[in-house]
$ cat query_4.csv   # CSV, C-alpha atoms and all ligand atoms
chain,number,residue,atom,x,y,z
V,1,MET,CA,38.1,-47.6,39.9
V,2,GLY,CA,36.3,-46.3,36.8
V,3,ARG,CA,33.1,-44.2,36.6
V,4,PHE,CA,29.8,-45.6,35.6
V,5,CYS,CA,26.5,-44.2,34.2
V,6,ALA,CA,24.3,-42.9,37.0
V,7,LYS,CA,21.3,-44.4,35.3
V,8,CYS,CA,22.1,-47.7,33.6
V,9,GLY,CA,25.3,-48.4,35.5
V,10,CYS,CA,27.3,-49.1,32.4
V,11,GLU,CA,30.9,-47.9,31.9
V,12,ALA,CA,31.3,-45.5,29.0
V,13,ASP,CA,34.2,-43.7,27.3
V,14,GLU,CA,32.5,-40.4,27.9
V,15,TYR,CA,29.8,-39.1,30.3
V,16,ILE,CA,27.5,-36.2,29.7
V,17,HIS,CA,26.2,-34.8,33.0
V,18,SER,CA,27.0,-38.2,34.7
V,19,LEU,CA,25.1,-40.2,32.1
V,20,CYS,CA,26.3,-42.3,29.3
V,21,SER,CA,25.5,-40.7,26.0
V,22,ARG,CA,22.7,-43.2,25.2
V,23,CYS,CA,20.9,-42.5,28.5
V,24,TYR,CA,21.6,-38.8,28.2
V,25,TRP,CA,20.0,-38.4,24.8
V,26,LYS,CA,17.1,-40.6,25.7
V,27,GLU,CA,16.2,-38.1,28.4
V,28,ILE,CA,16.6,-35.2,26.1
V,29,GLU,CA,14.5,-36.9,23.3
V,30,ILE,CA,11.4,-37.2,25.6
V,31,LYS,CA,11.5,-33.4,26.0
V,32,LEU,CA,10.6,-33.0,22.3
V,33,PRO,CA,6.9,-32.5,21.7
V,34,GLN,CA,5.2,-35.9,21.1
V,35,ASP,CA,2.2,-34.5,19.3
V,36,LEU,CA,3.3,-31.6,17.2
V,37,THR,CA,0.5,-29.9,15.4
V,38,VAL,CA,0.5,-26.6,13.6
V,39,THR,CA,-2.4,-24.6,12.3
V,40,MET,CA,-2.1,-23.0,8.9
V,41,CYS,CA,-4.4,-20.8,6.8
V,42,PRO,CA,-5.4,-22.6,3.6
V,43,GLU,CA,-5.7,-19.2,1.8
V,44,CYS,CA,-2.6,-17.3,2.6
V,45,ARG,CA,-0.4,-19.9,4.4
V,46,SER,CA,-0.1,-17.9,7.5
V,47,TYR,CA,0.5,-20.1,10.6
V,48,LEU,CA,-0.6,-19.8,14.1
V,49,GLN,CA,1.9,-19.4,16.9
V,50,GLY,CA,0.1,-19.3,20.1
V,51,LYS,CA,-2.6,-16.7,19.5
V,52,MET,CA,-0.8,-14.9,16.7
V,53,TRP,CA,-1.0,-15.5,13.0
V,54,VAL,CA,2.5,-15.3,11.4
V,55,ARG,CA,2.6,-14.2,7.8
V,56,GLN,CA,5.0,-16.0,5.4
V,57,HIS,CA,7.2,-14.7,2.6
V,58,ASP,CA,5.8,-14.9,-0.8
V,59,ALA,CA,8.8,-16.8,-2.0
V,60,GLY,CA,8.8,-20.6,-1.6
V,61,ASP,CA,6.2,-23.2,-2.6
V,62,GLU,CA,3.5,-24.7,-0.5
V,63,ASP,CA,5.5,-27.6,0.9
V,64,TRP,CA,8.3,-25.3,1.9
V,65,LYS,CA,5.8,-23.1,3.7
V,66,ALA,CA,4.4,-26.1,5.6
V,67,ILE,CA,7.9,-27.2,6.6
V,68,VAL,CA,8.8,-23.7,7.8
V,69,ALA,CA,5.6,-23.6,9.9
V,70,THR,CA,6.2,-27.0,11.5
V,71,GLU,CA,9.9,-26.2,12.2
V,72,SER,CA,9.1,-22.9,13.9
V,73,GLU,CA,6.3,-24.6,15.9
V,74,LEU,CA,8.8,-27.2,17.0
V,75,GLU,CA,11.2,-24.6,18.2
V,76,ARG,CA,8.4,-22.7,20.0
V,77,GLN,CA,7.2,-25.8,21.8
V,78,THR,CA,10.5,-27.4,22.7
V,79,ARG,CA,12.0,-26.8,26.1
V,80,LEU,CA,15.5,-28.1,26.1
V,81,PRO,CA,18.2,-27.7,28.8
V,82,GLU,CA,20.3,-24.7,28.2
V,83,GLN,CA,23.4,-26.6,27.0
V,84,VAL,CA,21.4,-28.4,24.3
V,85,ILE,CA,20.5,-26.7,21.0
V,86,ILE,CA,18.7,-27.7,17.9
V,87,ASP,CA,21.6,-27.6,15.4
V,88,ARG,CA,19.6,-28.3,12.2
V,89,ILE,CA,16.1,-29.2,11.2
V,90,SER,CA,15.0,-30.4,7.8
V,91,GLY,CA,11.6,-31.5,6.8
V,92,GLU,CA,9.7,-33.4,4.1
V,93,VAL,CA,6.0,-33.6,3.3
V,94,ILE,CA,5.0,-37.3,3.5
V,95,ASP,CA,1.2,-37.0,3.4
V,96,ARG,CA,-1.4,-34.7,2.0
V,97,ASN,CA,-5.1,-34.1,2.7
V,98,ASP,CA,-7.8,-34.5,0.0
V,99,ARG,CA,-7.3,-30.9,-1.2
V,100,GLY,CA,-3.7,-31.7,-1.8
V,101,HIS,CA,-2.4,-29.5,1.0
V,102,PRO,CA,0.5,-30.9,3.1
V,103,LYS,CA,-0.8,-32.9,6.1
V,104,THR,CA,2.1,-34.7,7.6
V,105,VAL,CA,5.7,-33.5,7.7
V,106,LEU,CA,8.6,-35.7,8.8
V,107,LEU,CA,11.1,-33.5,10.6
V,108,GLN,CA,14.8,-34.6,11.0
V,109,VAL,CA,16.2,-32.9,14.0
V,110,ASN,CA,19.9,-32.6,14.8
V,111,LEU,CA,20.6,-31.9,18.4
V,112,LYS,CA,23.9,-30.8,19.9
V,113,GLU,CA,25.2,-30.7,23.5
V,114,LYS,CA,27.5,-27.7,23.6
V,115,GLU,CA,30.0,-28.7,26.4
V,116,LYS,CA,30.9,-32.1,25.0
V,117,SER,CA,30.1,-31.4,21.4
V,118,SER,CA,28.0,-34.5,21.5
V,119,ARG,CA,25.5,-34.8,18.6
V,120,TYR,CA,22.3,-36.7,18.3
V,121,LYS,CA,19.9,-37.3,15.4
V,122,THR,CA,16.2,-38.0,15.8
V,123,SER,CA,13.1,-37.5,13.8
V,124,LEU,CA,9.5,-36.8,14.6
V,125,LEU,CA,6.2,-36.3,12.8
V,126,ALA,CA,4.4,-33.0,12.6
V,127,PHE,CA,0.8,-32.5,11.6
V,128,VAL,CA,-0.8,-29.6,9.7
V,129,GLU,CA,-4.3,-28.5,10.4
V,130,TYR,CA,-6.1,-25.9,8.3
V,131,THR,CA,-8.4,-23.1,9.3
V,132,ASN,CA,-8.8,-19.6,7.9
V,133,CYS,CA,-6.7,-16.9,9.6
V,134,SER,CA,-8.3,-13.8,11.0
V,135,VAL,CA,-7.6,-11.6,7.9
V,136,CYS,CA,-8.9,-14.2,5.4
V,137,MET,CA,-11.9,-14.9,7.6
V,138,LYS,CA,-12.8,-11.2,7.6
V,139,TYR,CA,-12.3,-11.2,3.8
V,140,GLU,CA,-14.6,-14.2,3.4
V,141,ARG,CA,-17.4,-12.6,5.4
V,142,GLY,CA,-16.9,-9.3,3.7
V,143,GLU,CA,-16.1,-7.8,7.1
V,144,HIS,CA,-14.2,-4.5,7.3
V,145,GLU,CA,-12.9,-2.2,9.9
V,146,ALA,CA,-12.9,1.0,7.9
V,147,VAL,CA,-14.4,2.6,4.8
V,148,VAL,CA,-12.7,5.2,2.7
V,149,GLN,CA,-15.2,7.4,1.0
V,150,VAL,CA,-13.6,9.0,-2.0
V,151,ARG,CA,-15.5,12.0,-3.5
V,152,ALA,CA,-14.6,15.0,-5.6
V,153,SER,CA,-15.2,18.4,-3.9
V,154,ASP,CA,-17.5,20.8,-5.7
V,155,ARG,CA,-17.6,18.9,-8.9
V,156,ALA,CA,-18.5,15.5,-10.3
V,157,PHE,CA,-16.2,12.5,-9.9
V,158,ASP,CA,-15.4,12.0,-13.5
V,159,HIS,CA,-13.6,9.6,-15.8
V,160,ARG,CA,-10.2,11.1,-15.0
V,161,ASP,CA,-10.8,10.8,-11.3
V,162,GLN,CA,-11.8,7.2,-11.8
V,163,GLN,CA,-8.5,6.6,-13.7
V,164,SER,CA,-6.4,8.1,-10.9
V,165,LEU,CA,-8.2,6.2,-8.2
V,166,LYS,CA,-7.7,2.9,-10.1
V,167,GLU,CA,-4.0,3.6,-10.4
V,168,ALA,CA,-3.8,4.5,-6.7
V,169,VAL,CA,-5.6,1.2,-5.7
V,170,SER,CA,-3.4,-1.0,-7.9
V,171,SER,CA,-0.1,0.6,-6.7
V,172,PHE,CA,-1.4,0.3,-3.1
V,173,SER,CA,-2.3,-3.3,-3.5
V,174,ARG,CA,1.1,-4.1,-5.0
V,175,ARG,CA,2.8,-2.5,-2.1
V,176,VAL,CA,0.9,-4.4,0.6
V,177,SER,CA,0.5,-7.8,-1.1
V,178,ASN,CA,3.8,-9.0,0.3
V,179,GLN,CA,2.6,-8.9,3.9
V,180,GLN,CA,-1.1,-9.3,3.6
V,181,ARG,CA,-3.6,-10.8,1.3
V,182,ASP,CA,-6.3,-8.4,0.1
V,183,VAL,CA,-6.7,-5.7,2.6
V,184,ILE,CA,-9.2,-4.1,0.3
V,185,VAL,CA,-12.4,-6.0,0.9
V,186,GLU,CA,-14.7,-4.2,-1.5
V,187,ILE,CA,-14.9,-1.3,-3.9
V,188,LYS,CA,-18.3,0.1,-4.6
V,189,GLU,CA,-19.5,3.1,-6.7
V,190,LYS,CA,-21.6,5.3,-4.4
V,191,GLU,CA,-23.1,8.8,-4.4
V,192,GLY,CA,-21.0,10.0,-7.3
V,193,GLY,CA,-17.8,8.6,-5.9
V,194,TYR,CA,-16.4,5.4,-4.5
V,195,ASP,CA,-16.6,3.6,-1.1
V,196,ILE,CA,-13.6,1.4,-0.5
V,197,LYS,CA,-13.8,-1.1,2.4
V,198,PHE,CA,-10.6,-2.1,4.2
V,199,SER,CA,-10.1,-5.1,6.5
V,200,SER,CA,-8.0,-2.9,8.9
V,201,LEU,CA,-8.1,0.7,9.9
V,202,THR,CA,-4.3,1.0,9.5
V,203,SER,CA,-4.4,0.1,5.9
V,204,ALA,CA,-7.3,2.4,5.3
V,205,ARG,CA,-5.3,5.3,6.8
V,206,ILE,CA,-2.3,4.5,4.7
V,207,PHE,CA,-4.4,4.5,1.5
V,208,ALA,CA,-6.1,7.8,2.4
V,209,LYS,CA,-2.7,9.3,3.1
V,210,LYS,CA,-1.5,8.3,-0.3
V,211,LEU,CA,-4.5,10.1,-1.9
V,212,HIS,CA,-3.6,13.1,0.2
V,213,GLU,CA,0.0,13.1,-1.0
V,214,ASP,CA,-0.6,12.3,-4.6
V,215,PHE,CA,-3.7,14.3,-5.4
V,216,GLY,CA,-3.8,16.9,-2.6
V,217,ALA,CA,-7.0,15.3,-1.2
V,218,SER,CA,-8.3,16.4,2.2
V,219,ILE,CA,-8.9,13.7,4.8
V,220,GLN,CA,-11.3,13.5,7.6
V,221,GLU,CA,-11.7,10.5,9.9
V,222,SER,CA,-14.8,9.8,12.0
V,223,PRO,CA,-15.8,6.7,14.0
V,224,LYS,CA,-19.4,5.6,13.5
V,225,LEU,CA,-21.2,3.6,16.1
V,226,VAL,CA,-22.5,0.4,14.5
V,227,GLY,CA,-23.7,-1.6,17.5
V,228,VAL,CA,-22.7,-3.5,20.6
V,229,ASP,CA,-20.2,-6.3,20.8
V,230,ARG,CA,-22.2,-9.3,22.1
V,231,ARG,CA,-19.3,-10.9,23.8
V,232,THR,CA,-17.8,-7.9,25.6
V,233,GLY,CA,-20.8,-5.6,25.8
V,234,GLY,CA,-18.6,-2.8,24.5
V,235,ARG,CA,-19.6,-0.4,21.7
V,236,LEU,CA,-18.6,-1.3,18.2
V,237,TYR,CA,-17.3,1.3,15.9
V,238,LYS,CA,-16.5,1.4,12.2
V,239,ASN,CA,-14.3,4.1,11.0
V,240,THR,CA,-15.2,6.2,8.0
V,241,ILE,CA,-12.4,8.2,6.3
V,242,SER,CA,-13.8,10.9,4.1
V,243,VAL,CA,-11.4,11.7,1.2
V,244,LYS,CA,-12.2,14.8,-0.9
V,245,ILE,CA,-10.3,15.1,-4.2
V,246,PRO,CA,-9.7,18.8,-4.9
V,247,LYS,CA,-11.6,20.4,-7.7
V,248,TYR,CA,-8.4,21.2,-9.6
V,249,ARG,CA,-5.9,18.8,-11.1
V,250,THR,CA,-2.4,18.6,-12.6
V,251,GLY,CA,-2.2,20.4,-15.9
V,252,GLU,CA,-5.0,22.8,-15.3
V,253,LEU,CA,-4.7,26.5,-15.4
V,254,VAL,CA,-5.7,28.3,-12.3
V,255,THR,CA,-5.8,31.9,-11.0
V,256,LEU,CA,-4.8,33.0,-7.6
V,257,ARG,CA,-5.2,36.7,-6.7
V,258,GLY,CA,-5.1,37.8,-10.3
V,259,ASN,CA,-2.1,35.7,-11.3
V,260,ILE,CA,-2.3,32.8,-13.6
V,261,TYR,CA,-0.6,29.5,-12.9
V,262,ARG,CA,-0.4,26.0,-14.2
V,263,ILE,CA,-0.8,23.2,-11.7
V,264,ILE,CA,2.2,20.8,-12.0
V,265,GLY,CA,1.5,18.5,-9.1
V,266,PHE,CA,0.9,18.0,-5.4
V,267,ASP,CA,3.3,17.6,-2.6
V,268,ARG,CA,2.2,16.4,0.8
V,269,GLY,CA,-1.2,18.0,0.5
V,270,ARG,CA,0.1,21.2,-1.0
V,271,THR,CA,-0.5,22.3,-4.6
V,272,VAL,CA,2.6,23.0,-6.7
V,273,VAL,CA,2.1,25.5,-9.5
V,274,GLU,CA,4.3,27.1,-12.1
V,275,ASP,CA,4.0,30.6,-13.5
V,276,PHE,CA,4.8,31.5,-17.1
V,277,VAL,CA,8.4,32.3,-16.6
V,278,GLY,CA,9.0,28.9,-15.1
V,279,ARG,CA,8.9,29.8,-11.4
V,280,HIS,CA,7.5,27.3,-9.0
V,281,LYS,CA,5.3,28.1,-6.1
V,282,THR,CA,3.7,25.9,-3.4
V,283,ILE,CA,0.2,26.8,-2.3
V,284,GLY,CA,-0.9,25.6,1.2
V,285,PRO,CA,-4.4,24.4,2.1
V,286,SER,CA,-5.7,27.8,3.2
V,287,ASP,CA,-4.8,29.5,0.0
V,288,SER,CA,-6.0,26.5,-2.0
V,289,ASP,CA,-9.6,27.6,-1.3
V,290,GLU,CA,-8.9,30.8,-3.3
V,291,LEU,CA,-7.6,29.0,-6.3
V,292,MET,CA,-10.0,29.1,-9.3
V,293,VAL,CA,-9.8,26.7,-12.2
V,294,LEU,CA,-10.0,28.4,-15.6
V,295,GLY,CA,-12.7,26.8,-17.7
V,296,GLU,CA,-12.3,26.0,-21.4
V,297,GLU,CA,-14.3,29.1,-22.3
V,298,GLN,CA,-11.8,31.3,-20.5
V,299,ILE,CA,-8.7,30.1,-22.4
V,300,ARG,CA,-7.8,30.5,-26.0
V,301,MET,CA,-4.6,29.4,-27.7
V,302,VAL,CA,-3.6,32.1,-30.1
V,303,ARG,CA,-0.8,33.2,-32.5
V,304,LEU,CA,0.3,36.8,-32.8
V,305,ASP,CA,-0.2,37.6,-36.5
V,306,GLY,CA,0.0,41.4,-36.6
V,307,ARG,CA,0.6,44.5,-34.7
V,308,ALA,CA,-0.5,47.9,-36.0
V,309,GLY,CA,-0.7,51.0,-33.8
V,310,SER,CA,-3.4,50.7,-31.2
V,311,HIS,CA,-4.5,47.1,-32.0
V,312,ALA,CA,-3.0,43.7,-32.6
V,313,ASP,CA,-4.3,40.7,-34.6
V,314,LEU,CA,-4.4,37.3,-32.9
V,315,PHE,CA,-5.3,34.1,-34.6
V,316,ASP,CA,-7.4,31.7,-32.5
V,317,LEU,CA,-5.9,28.3,-33.1
V,318,LYS,CA,-9.0,26.4,-31.9
V,319,GLU,CA,-11.7,28.3,-33.6
V,320,MET,CA,-9.5,29.2,-36.6
V,321,ARG,CA,-10.4,32.9,-36.7
V,322,PHE,CA,-8.9,36.3,-36.1
V,323,ILE,CA,-9.4,38.3,-32.9
V,324,GLU,CA,-8.6,41.9,-32.6
V,325,VAL,CA,-7.2,43.1,-29.2
V,326,PRO,CA,-5.8,46.4,-27.9
V,327,SER,CA,-2.0,46.3,-28.5
V,328,GLU,CA,-1.1,47.0,-24.9
V,329,LEU,CA,-2.4,43.5,-24.1
V,330,VAL,CA,0.5,42.0,-26.1
V,331,PRO,CA,3.7,41.4,-24.0
V,332,SER,CA,6.5,43.5,-25.4
V,333,GLU,CA,8.8,40.5,-25.8
V,334,MET,CA,6.3,38.6,-28.0
V,335,LYS,CA,7.2,38.5,-31.6
V,336,LEU,CA,5.1,38.0,-34.7
V,337,GLY,CA,4.3,34.3,-35.3
V,338,GLU,CA,4.8,33.3,-31.7
V,339,GLU,CA,2.0,31.4,-29.8
V,340,GLY,CA,0.5,32.2,-26.5
V,341,ILE,CA,-2.7,31.8,-24.5
V,342,LEU,CA,-5.4,34.4,-24.1
V,343,VAL,CA,-7.1,34.2,-20.8
V,344,LYS,CA,-10.2,35.9,-19.6
V,345,VAL,CA,-10.5,36.4,-15.8
V,346,TYR,CA,-13.1,38.5,-14.1
V,347,GLY,CA,-13.9,40.1,-17.4
V,348,LYS,CA,-10.3,41.1,-18.0
V,349,GLU,CA,-8.2,39.7,-20.8
V,350,LYS,CA,-4.6,38.7,-20.4
V,351,LEU,CA,-2.2,37.4,-23.1
V,352,ILE,CA,0.6,35.1,-22.0
V,353,ARG,CA,3.5,34.3,-24.4
V,354,LEU,CA,4.5,30.7,-24.2
V,355,ARG,CA,8.2,29.6,-24.3
V,356,PRO,CA,8.8,27.1,-27.1
V,357,ASP,CA,9.4,24.3,-24.6
V,358,GLU,CA,6.0,24.9,-23.1
V,359,LEU,CA,4.0,24.7,-26.3
V,360,PRO,CA,3.5,20.9,-26.2
V,361,LYS,CA,1.7,21.2,-22.8
V,362,TYR,CA,-1.0,23.2,-24.4
V,363,SER,CA,-1.5,21.3,-27.7
V,364,SER,CA,-4.9,20.1,-26.6
V,365,LEU,CA,-6.1,23.7,-26.8
V,366,LYS,CA,-5.4,23.8,-30.5
V,367,GLN,CA,-7.5,22.6,-33.4
V,368,GLN,CA,-6.3,19.0,-34.0
P,401,ZN,ZN,23.5,-45.1,30.8
P,402,ZN,ZN,-5.1,-16.3,5.6
$ encode --input "query_4.csv" --output "structure tokens" --more "lines below"
Ligand SMILES: [Zn+2]
Ligand SMILES: [Zn+2]
Amino acid sequence: MGRFCAKCGCEADEYIHSLCSRCYWKEIEIKLPQDLTVTMCPECRSYLQGKMWVRQHDAGDEDWKAIVATESELERQTRLPEQVIIDRISGEVIDRNDRGHPKTVLLQVNLKEKEKSSRYKTSLLAFVEYTNCSVCMKYERGEHEAVVQVRASDRAFDHRDQQSLKEAVSSFSRRVSNQQRDVIVEIKEKEGGYDIKFSSLTSARIFAKKLHEDFGASIQESPKLVGVDRRTGGRLYKNTISVKIPKYRTGELVTLRGNIYRIIGFDRGRTVVEDFVGRHKTIGPSDSDELMVLGEEQIRMVRLDGRAGSHADLFDLKEMRFIEVPSELVPSEMKLGEEGILVKVYGKEKLIRLRPDELPKYSSLKQQ
């Protein structure tokens, strides 16, 4: 006596969980979502999964992104028995809305029953609806979570600072553009500096940290009460991150406790300087306050032209004139014809011989 299907009573070659394969797959098929709709952001193509917006890779065209979104929504909504898996899905956009965005996607679904290795092909329609995601919505409304206020400390925010800030903004934007569309909502000139609004506090913090690392800027974060949330009744804060660019910059000559250095960069908020025999030194934040930038009037580029008894003749390469100095000012290793810089600090003069490889760094101090 043969077996028969528990549902339709037919005799089959093979049974899957007591059913003929036709009845079995019919039961499985009705477990697939009948009305599959996915919500996508028309600006950045993020799609909604439950309550969360999922960002998509930059690679792939618009159709591909819509297909990926419907496929993952199908997988999220489908509740199949443990032994059945979705083996393969492929999709095709078959209808568009009046803005040309994909509206209907035909999904081809290949199912597989693992125990019997039975396969079944079916297809279903998925619909795409469009609404702006939370980030794009904030962007549209100009909403922001945090402001980074960039100012220079104890001096004006000048053209060179502007240039550095511009570079920092563009390298930051390049870095984040893969995951998020415009996290910078607005850049505005303000009070001799710039106010940069960010859609999220996290990205504002990352940007401020970059200015700290690259330019030795100091950072201070403070929440500001801006009102009350009408829905929750809780207080609403916006965070302000104050970023102060130090008054000194790479390439500038500075003095610290009577010694003269050239700033060669910043490293995690510390100032890296070099002395005139090529030794590097890192100056921490507490000592940074004691650094003094040498102004143009304190530095002269000179050439040693003569040495006679108690005095030496220097030729000022900017003003093109001779200066007479006491000969003990000239370092003993400095030869006639060699160039150096004459620095005046606290009323005292100091002559520093420059190594040949250092000369190009100071060419701006010469008459062009
Ligand atoms: Zn049957
Ligand atoms: Zn979006």
$ atom_distance --input "query_4.csv" --atom1 "atom CA of V:Phe172" --atom2 "atom CA of V:Phe207"
6.9 Å
$ residues_near_ligand --input "query_4.csv" --ligand "ligand ZN 401 (chain P)" --cutoff "10 Å" --atoms "all atoms listed in the file" --output "PyMOL selection string"
chain V and resi 4-12+15-16+18-26
$ residues_near_ligand --input "query_4.csv" --ligand "ligand ZN 402 (chain P)" --cutoff "7 Å" --atoms "all atoms listed in the file" --output "ChimeraX atom specification"
/V:41-46,132-136
$ residues_near_point --input "query_4.csv" --point "(22.7, -31.5, 24.2)" --cutoff "9 Å" --atoms "only C-alpha atoms" --output "MDAnalysis selection string"
chainID V and resid 16 24:25 28 80:86 111:120
$ residues_around --input "query_4.csv" --residues "V:Thr122" --least-positions-apart "3" --cutoff "10 Å" --atoms "all atoms listed in the file" --output "ChimeraX atom specification"
/V:25,29,32,89,107-111
$ atom_distance --input "query_4.csv" --atom1 "atom CA of V:Arg205" --atom2 "atom CA of V:Ala217"
12.9 Å
$ atom_distance --input "query_4.csv" --atom1 "atom CA of V:Val345" --atom2 "atom CA of V:Leu253"
11.5 Å
$ residues_near_point --input "query_4.csv" --point "(-5.8, 48.2, -32.6)" --cutoff "9 Å" --atoms "only C-alpha atoms" --output "count of residues only"
11
$ residues_around --input "query_4.csv" --residues "stretch 93-96 of chain V" --least-positions-apart "6" --cutoff "7 Å" --atoms "all atoms listed in the file" --output "list in words"
Asp63, Pro102, Lys103, Thr104, Val105 and Leu106 of chain V
$ decode --input "query_4.csv" --residues "stretch 114-137 of chain V" --atoms "C-alpha atoms" --output "mmCIF file, in the first residue's frame"
data_model
loop_
_atom_site.group_PDB
_atom_site.id
_atom_site.type_symbol
_atom_site.label_atom_id
_atom_site.label_comp_id
_atom_site.auth_asym_id
_atom_site.auth_seq_id
_atom_site.Cartn_x
_atom_site.Cartn_y
_atom_site.Cartn_z
ATOM 1 C CA LYS V 114 17.220 21.644 2.558
ATOM 2 C CA GLU V 115 16.348 18.047 3.539
ATOM 3 C CA LYS V 116 15.001 16.924 0.174
ATOM 4 C CA SER V 117 16.883 19.462 -1.884
ATOM 5 C CA SER V 118 13.593 20.365 -3.481
ATOM 6 C CA ARG V 119 13.567 23.715 -5.283
ATOM 7 C CA TYR V 120 10.772 26.086 -6.127
ATOM 8 C CA LYS V 121 10.631 29.254 -8.184
ATOM 9 C CA THR V 122 8.172 32.035 -7.611
ATOM 10 C CA SER V 123 7.917 35.738 -8.224
ATOM 11 C CA LEU V 124 6.339 38.676 -6.476
ATOM 12 C CA LEU V 125 5.958 42.413 -6.849
ATOM 13 C CA ALA V 126 7.587 44.900 -4.504
ATOM 14 C CA PHE V 127 6.676 48.565 -4.323
ATOM 15 C CA VAL V 128 8.964 51.473 -3.521
ATOM 16 C CA GLU V 129 7.693 54.532 -1.700
ATOM 17 C CA TYR V 130 9.728 57.676 -1.198
ATOM 18 C CA THR V 131 10.183 59.875 1.804
ATOM 19 C CA ASN V 132 13.231 61.797 3.036
ATOM 20 C CA CYS V 133 15.378 59.996 5.586
ATOM 21 C CA SER V 134 16.129 61.577 8.962
ATOM 22 C CA VAL V 135 19.512 62.954 7.868
ATOM 23 C CA CYS V 136 18.226 64.457 4.621
ATOM 24 C CA MET V 137 15.219 65.871 6.452
#
